[in-house]
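Text of final18.tsv (TSV, N, CA and C atoms) as supplied:
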chain	number	residue	atom	x	y	z
A	193	MET	N	92.34	118.49	102.77
A	193	MET	CA	93.79	118.51	102.65
A	193	MET	C	94.38	117.64	103.75
A	194	SER	N	95.17	116.64	103.37
A	194	SER	CA	95.74	115.74	104.37
A	194	SER	C	97.13	116.24	104.79
A	195	VAL	N	97.41	116.00	106.05
A	195	VAL	CA	98.71	116.37	106.60
A	195	VAL	C	99.61	115.14	106.50
A	196	ARG	N	100.76	115.31	105.92
A	196	ARG	CA	101.70	114.19	105.78
A	196	ARG	C	102.52	114.06	107.05
A	197	ARG	N	102.42	112.91	107.67
A	197	ARG	CA	103.16	112.66	108.91
A	197	ARG	C	104.52	112.08	108.59
A	198	ALA	N	105.49	112.47	109.39
A	198	ALA	CA	106.84	111.94	109.21
A	198	ALA	C	106.86	110.47	109.61
A	199	LYS	N	107.67	109.71	108.91
A	199	LYS	CA	107.84	108.30	109.26
A	199	LYS	C	108.54	108.21	110.61
A	200	PRO	N	108.28	107.14	111.36
A	200	PRO	CA	108.98	106.94	112.63
A	200	PRO	C	110.50	106.85	112.40
A	201	PRO	N	111.29	107.24	113.41
A	201	PRO	CA	112.75	107.24	113.24
A	201	PRO	C	113.32	105.91	112.76
A	202	ARG	N	112.86	104.80	113.33
A	202	ARG	CA	113.41	103.50	112.92
A	202	ARG	C	113.18	103.26	111.44
A	203	GLU	N	112.00	103.55	110.96
A	203	GLU	CA	111.68	103.34	109.55
A	203	GLU	C	112.55	104.21	108.65
A	204	ARG	N	112.72	105.49	109.03
A	204	ARG	CA	113.58	106.38	108.24
A	204	ARG	C	115.03	105.89	108.24
A	205	LEU	N	115.51	105.47	109.42
A	205	LEU	CA	116.89	104.99	109.52
A	205	LEU	C	117.10	103.72	108.70
A	206	LEU	N	116.13	102.82	108.73
A	206	LEU	CA	116.26	101.58	107.95
A	206	LEU	C	116.28	101.85	106.45
A	207	VAL	N	115.51	102.85	106.00
A	207	VAL	CA	115.54	103.23	104.59
A	207	VAL	C	116.93	103.75	104.23
A	208	HIS	N	117.47	104.64	105.08
A	208	HIS	CA	118.81	105.17	104.83
A	208	HIS	C	119.87	104.07	104.90
A	209	LEU	N	119.70	103.16	105.83
A	209	LEU	CA	120.67	102.06	105.97
A	209	LEU	C	120.67	101.19	104.72
A	210	SER	N	119.50	100.86	104.21
A	210	SER	CA	119.45	100.03	103.01
A	210	SER	C	120.06	100.77	101.81
A	211	GLN	N	119.87	102.08	101.74
A	211	GLN	CA	120.49	102.86	100.66
A	211	GLN	C	122.01	102.87	100.80
A	212	ALA	N	122.49	103.00	102.05
A	212	ALA	CA	123.94	103.00	102.28
A	212	ALA	C	124.54	101.65	101.93
A	213	VAL	N	123.86	100.58	102.29
A	213	VAL	CA	124.34	99.24	101.96
A	213	VAL	C	124.39	99.06	100.45
A	214	GLU	N	123.37	99.52	99.77
A	214	GLU	CA	123.33	99.40	98.32
A	214	GLU	C	124.46	100.21	97.68
A	215	THR	N	124.72	101.39	98.21
A	215	THR	CA	125.82	102.21	97.70
A	215	THR	C	127.15	101.49	97.89
A	216	LEU	N	127.34	100.92	99.08
A	216	LEU	CA	128.58	100.18	99.33
A	216	LEU	C	128.69	98.97	98.40
A	217	ARG	N	127.58	98.30	98.18
A	217	ARG	CA	127.59	97.11	97.33
A	217	ARG	C	127.91	97.45	95.88
A	218	LEU	N	127.35	98.55	95.40
A	218	LEU	CA	127.53	98.92	94.00
A	218	LEU	C	128.83	99.67	93.74
A	219	ARG	N	129.39	100.24	94.78
A	219	ARG	CA	130.58	101.08	94.60
A	219	ARG	C	131.74	100.32	93.98
A	220	LYS	N	132.02	99.20	94.50
A	220	LYS	CA	133.16	98.42	94.00
A	220	LYS	C	132.77	96.96	93.91
A	221	GLU	N	133.23	96.35	92.86
A	221	GLU	CA	133.07	94.91	92.76
A	221	GLU	C	134.06	94.27	93.73
A	222	PRO	N	133.70	93.15	94.29
A	222	PRO	CA	134.63	92.51	95.22
A	222	PRO	C	135.91	92.09	94.50
A	223	ARG	N	136.98	92.21	95.21
A	223	ARG	CA	138.27	91.75	94.70
A	223	ARG	C	138.56	90.42	95.37
A	224	THR	N	138.73	89.38	94.58
A	224	THR	CA	138.98	88.05	95.13
A	224	THR	C	140.46	87.75	95.03
A	225	HIS	N	140.99	87.26	96.12
A	225	HIS	CA	142.38	86.83	96.11
A	225	HIS	C	142.51	85.61	97.03
A	226	VAL	N	143.61	84.92	96.88
A	226	VAL	CA	143.84	83.70	97.66
A	226	VAL	C	144.78	84.03	98.81
A	227	GLU	N	144.35	83.68	100.01
A	227	GLU	CA	145.15	83.87	101.21
A	227	GLU	C	145.68	82.51	101.66
A	228	PRO	N	146.98	82.40	101.85
A	228	PRO	CA	147.51	81.13	102.36
A	228	PRO	C	147.15	80.95	103.83
A	229	LEU	N	146.83	79.73	104.20
A	229	LEU	CA	146.57	79.40	105.60
A	229	LEU	C	147.78	78.64	106.11
A	230	LYS	N	148.73	79.38	106.64
A	230	LYS	CA	150.00	78.78	107.05
A	230	LYS	C	149.81	77.70	108.09
A	231	ASP	N	148.97	77.95	109.09
A	231	ASP	CA	148.80	76.98	110.17
A	231	ASP	C	148.11	75.70	109.70
A	232	LEU	N	147.25	75.82	108.68
A	232	LEU	CA	146.48	74.67	108.24
A	232	LEU	C	147.03	74.04	106.96
A	233	GLY	N	148.02	74.68	106.37
A	233	GLY	CA	148.65	74.11	105.18
A	233	GLY	C	147.78	74.16	103.95
A	234	GLY	N	146.88	75.10	103.85
A	234	GLY	CA	146.01	75.21	102.68
A	234	GLY	C	145.86	76.67	102.28
A	235	SER	N	144.77	76.96	101.60
A	235	SER	CA	144.49	78.34	101.22
A	235	SER	C	142.98	78.54	101.19
A	236	VAL	N	142.59	79.80	101.17
A	236	VAL	CA	141.17	80.15	101.15
A	236	VAL	C	140.98	81.35	100.24
A	237	LYS	N	139.85	81.38	99.53
A	237	LYS	CA	139.53	82.54	98.72
A	237	LYS	C	138.91	83.60	99.62
A	238	VAL	N	139.36	84.83	99.45
A	238	VAL	CA	138.87	85.93	100.27
A	238	VAL	C	138.35	87.01	99.34
A	239	GLN	N	137.18	87.55	99.66
A	239	GLN	CA	136.65	88.69	98.91
A	239	GLN	C	136.76	89.92	99.79
A	240	SER	N	137.24	90.99	99.22
A	240	SER	CA	137.30	92.24	99.96
A	240	SER	C	136.73	93.35	99.10
A	241	PHE	N	136.22	94.37	99.73
A	241	PHE	CA	135.64	95.51	99.04
A	241	PHE	C	136.46	96.74	99.38
A	242	GLU	N	136.65	97.58	98.41
A	242	GLU	CA	137.32	98.84	98.65
A	242	GLU	C	136.27	99.94	98.57
A	243	VAL	N	136.01	100.57	99.70
A	243	VAL	CA	135.06	101.67	99.74
A	243	VAL	C	135.73	102.84	100.43
A	244	SER	N	135.22	104.01	100.18
A	244	SER	CA	135.81	105.19	100.80
A	244	SER	C	135.45	105.22	102.28
A	245	SER	N	136.29	105.87	103.04
A	245	SER	CA	136.02	105.98	104.48
A	245	SER	C	134.76	106.80	104.71
A	246	GLN	N	134.47	107.75	103.83
A	246	GLN	CA	133.26	108.57	103.97
A	246	GLN	C	132.01	107.70	103.81
A	247	GLU	N	132.02	106.80	102.84
A	247	GLU	CA	130.88	105.91	102.63
A	247	GLU	C	130.69	104.98	103.82
A	248	PHE	N	131.80	104.45	104.32
A	248	PHE	CA	131.70	103.57	105.47
A	248	PHE	C	131.27	104.33	106.72
A	249	ASP	N	131.78	105.54	106.91
A	249	ASP	CA	131.39	106.37	108.07
A	249	ASP	C	129.89	106.66	108.05
A	250	HIS	N	129.35	106.90	106.86
A	250	HIS	CA	127.90	107.16	106.73
A	250	HIS	C	127.11	105.92	107.16
A	251	PHE	N	127.52	104.76	106.66
A	251	PHE	CA	126.88	103.50	107.05
A	251	PHE	C	126.96	103.30	108.56
A	252	GLU	N	128.13	103.55	109.13
A	252	GLU	CA	128.34	103.37	110.56
A	252	GLU	C	127.50	104.36	111.39
A	253	SER	N	127.36	105.59	110.91
A	253	SER	CA	126.54	106.59	111.61
A	253	SER	C	125.08	106.15	111.70
A	254	ILE	N	124.58	105.59	110.62
A	254	ILE	CA	123.20	105.12	110.60
A	254	ILE	C	123.05	103.91	111.54
A	255	SER	N	124.00	103.00	111.49
A	255	SER	CA	123.97	101.83	112.38
A	255	SER	C	124.02	102.26	113.84
A	256	ASP	N	124.87	103.24	114.15
A	256	ASP	CA	124.96	103.76	115.51
A	256	ASP	C	123.65	104.40	115.96
A	257	ALA	N	122.98	105.10	115.05
A	257	ALA	CA	121.70	105.72	115.39
A	257	ALA	C	120.65	104.65	115.72
A	258	LEU	N	120.66	103.55	114.97
A	258	LEU	CA	119.73	102.45	115.26
A	258	LEU	C	120.05	101.84	116.63
A	259	TYR	N	121.31	101.74	116.96
A	259	TYR	CA	121.72	101.23	118.27
A	259	TYR	C	121.22	102.17	119.38
A	260	ARG	N	121.41	103.48	119.18
A	260	ARG	CA	120.93	104.45	120.19
A	260	ARG	C	119.41	104.36	120.33
A	261	LEU	N	118.71	104.12	119.24
A	261	LEU	CA	117.26	103.97	119.29
A	261	LEU	C	116.89	102.77	120.15
A	262	ASP	N	117.60	101.66	119.97
A	262	ASP	CA	117.35	100.46	120.77
A	262	ASP	C	117.70	100.67	122.25
A	263	GLN	N	118.70	101.50	122.51
A	263	GLN	CA	119.14	101.75	123.89
A	263	GLN	C	118.33	102.84	124.59
A	264	GLY	N	117.48	103.52	123.85
A	264	GLY	CA	116.66	104.58	124.43
A	264	GLY	C	117.37	105.92	124.54
A	265	THR	N	118.49	106.07	123.83
A	265	THR	CA	119.23	107.34	123.88
A	265	THR	C	119.14	108.11	122.57
A	266	TYR	N	118.37	107.61	121.63
A	266	TYR	CA	118.21	108.31	120.35
A	266	TYR	C	117.54	109.65	120.60
A	267	GLY	N	118.06	110.68	119.93
A	267	GLY	CA	117.48	112.01	120.09
A	267	GLY	C	118.15	112.82	121.20
A	268	ARG	N	119.16	112.23	121.84
A	268	ARG	CA	119.94	112.92	122.87
A	268	ARG	C	121.31	113.25	122.32
A	269	CYS	N	121.78	114.45	122.60
A	269	CYS	CA	123.09	114.91	122.15
A	269	CYS	C	124.18	114.08	122.84
A	270	LEU	N	125.13	113.60	122.07
A	270	LEU	CA	126.23	112.81	122.63
A	270	LEU	C	127.18	113.66	123.47
A	271	PHE	N	127.14	114.98	123.29
A	271	PHE	CA	128.08	115.85	123.99
A	271	PHE	C	127.51	116.42	125.28
A	272	CYS	N	126.30	116.95	125.23
A	272	CYS	CA	125.73	117.58	126.43
A	272	CYS	C	124.59	116.78	127.04
A	273	GLY	N	124.08	115.79	126.32
A	273	GLY	CA	122.96	114.98	126.82
A	273	GLY	C	121.61	115.63	126.62
A	274	GLY	N	121.62	116.84	126.06
A	274	GLY	CA	120.36	117.55	125.82
A	274	GLY	C	119.59	116.95	124.65
A	275	ARG	N	118.42	117.47	124.46
A	275	ARG	CA	117.52	116.98	123.41
A	275	ARG	C	117.95	117.54	122.05
A	276	ILE	N	118.05	116.67	121.05
A	276	ILE	CA	118.32	117.11	119.68
A	276	ILE	C	116.99	117.56	119.09
A	277	GLU	N	117.01	118.68	118.43
A	277	GLU	CA	115.81	119.28	117.87
A	277	GLU	C	115.16	118.32	116.86
A	278	PRO	N	113.83	118.15	116.96
A	278	PRO	CA	113.13	117.23	116.05
A	278	PRO	C	113.36	117.55	114.57
A	279	GLU	N	113.47	118.83	114.24
A	279	GLU	CA	113.71	119.21	112.84
A	279	GLU	C	115.05	118.66	112.36
A	280	ALA	N	116.05	118.70	113.24
A	280	ALA	CA	117.37	118.19	112.88
A	280	ALA	C	117.32	116.67	112.67
A	281	LEU	N	116.57	115.98	113.51
A	281	LEU	CA	116.44	114.52	113.37
A	281	LEU	C	115.63	114.14	112.13
A	282	THR	N	114.68	114.98	111.78
A	282	THR	CA	113.89	114.72	110.57
A	282	THR	C	114.77	114.88	109.34
A	283	GLU	N	115.61	115.92	109.34
A	283	GLU	CA	116.49	116.18	108.21
A	283	GLU	C	117.63	115.16	108.12
A	284	THR	N	118.25	114.87	109.25
A	284	THR	CA	119.38	113.94	109.31
A	284	THR	C	119.16	113.02	110.50
A	285	PRO	N	118.46	111.90	110.31
A	285	PRO	CA	118.08	111.04	111.43
A	285	PRO	C	119.25	110.45	112.22
A	286	TRP	N	120.45	110.48	111.68
A	286	TRP	CA	121.60	109.91	112.39
A	286	TRP	C	122.43	110.99	113.10
A	287	THR	N	121.91	112.21	113.16
A	287	THR	CA	122.67	113.28	113.80
A	287	THR	C	122.94	112.95	115.27
A	288	THR	N	124.06	113.40	115.79
A	288	THR	CA	124.49	113.05	117.14
A	288	THR	C	124.58	114.23	118.09
A	289	GLU	N	124.35	115.44	117.58
A	289	GLU	CA	124.50	116.61	118.45
A	289	GLU	C	123.38	117.61	118.25
A	290	CYS	N	123.11	118.33	119.32
A	290	CYS	CA	122.11	119.38	119.27
A	290	CYS	C	122.70	120.59	118.53
A	291	ILE	N	121.86	121.55	118.22
A	291	ILE	CA	122.32	122.73	117.51
A	291	ILE	C	123.37	123.49	118.31
A	292	ALA	N	123.16	123.62	119.61
A	292	ALA	CA	124.11	124.37	120.45
A	292	ALA	C	125.50	123.74	120.41
A	293	CYS	N	125.58	122.44	120.54
A	293	CYS	CA	126.90	121.76	120.51
A	293	CYS	C	127.48	121.77	119.10
A	294	GLY	N	126.64	121.67	118.10
A	294	GLY	CA	127.12	121.68	116.72
A	294	GLY	C	127.66	123.04	116.30
A	295	ASP	N	127.21	124.10	116.95
A	295	ASP	CA	127.66	125.44	116.62
A	295	ASP	C	128.96	125.82	117.32
A	296	GLN	N	129.40	125.03	118.29
A	296	GLN	CA	130.62	125.35	119.02
A	296	GLN	C	131.84	125.08	118.17
A	297	GLU	N	132.83	125.95	118.30
A	297	GLU	CA	134.10	125.75	117.62
A	297	GLU	C	134.91	124.70	118.34
A	298	PRO	N	135.56	123.81	117.61
A	298	PRO	CA	136.41	122.81	118.27
A	298	PRO	C	137.58	123.50	118.99
A	299	GLN	N	137.94	122.96	120.14
A	299	GLN	CA	139.05	123.50	120.92
A	299	GLN	C	140.36	122.96	120.38
A	300	PRO	N	141.38	123.84	120.24
A	300	PRO	CA	142.69	123.37	119.72
A	300	PRO	C	143.40	122.46	120.70
Please rewrite the model in this file as structure tokens.
Amino acid sequence: MSVRRAKPPRERLLVHLSQAVETLRLRKEPRTHVEPLKDLGGSVKVQSFEVSSQEFDHFESISDALYRLDQGTYGRCLFCGGRIEPEALTETPWTTECIACGDQEPQP
């Protein structure tokens, strides 16, 4: 019987990041419009995407986790600096807080 080892954090995060990018890409077709360039006397075609803030926040959370990994702070709680439980990181690799800080009620 073989024991299945968890993928390294970077590999898991990159998988989630590619899924988030794909979700953002498929969510909305780009909207193309023409923007006048007043200073240059011309115009340029601009493509913009409309995505929900929740989708973008998810993408940003994963990107931030990759940054923390590069900086050597991945796995540390952003609030108390303590160690984030490995089970929490396995379940949600972009998590930013330990269980103790996550259980605290926000102060009014």
Padded axis-aligned box of stretch 244-256 of chain A (5 Å per side), centre and edge lengths, Å, one decimal, as JSON:
{"center_x": 129.7, "center_y": 105.2, "center_z": 108.1, "size_x": 23.2, "size_y": 16.7, "size_z": 25.8}
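If you measure from each of A:Leu216, A:Leu281, A:Pro201, A:Tyr266 to A:Ser244 using all atoms listed in the file, the closest one turns out to be A:Leu216.
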For A:Arg268, the nearest of the candidates A:Asp295, A:Glu247, A:Glu203, A:Glu289, counting all atoms listed in the file |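 Result for the nearest residue to A:Arg268: A:Glu289.
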Please measure the separation of atom CA of A:Asp256 and atom CA of A:Trp286, giving the value in Å to one decimal.
-> 7.7 Å
Who sits within 6.5 Å of A:Pro285, all atoms listed in the file, same chain under 5 positions skipped, as a ChimeraX atom specification = /A:205,257,280
Which one is closest to A:Phe271: A:Thr288, A:Arg217, A:Leu258, A:Arg202? Count all atoms listed in the file.
-> A:Thr288
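What separates atom N of A:Leu270 from atom N of A:Cys290 is a distance of 5.8 Å.
In this comparison, which uses all atoms listed in the file, the residue of A:Leu218, A:Cys293, A:Ser245, A:Lys199 approaching A:Cys272 most closely is A:Cys293.
Atom C of A:Leu206 to atom CA of A:Glu277 spans 20.8 Å [interatomic distance, one decimal].
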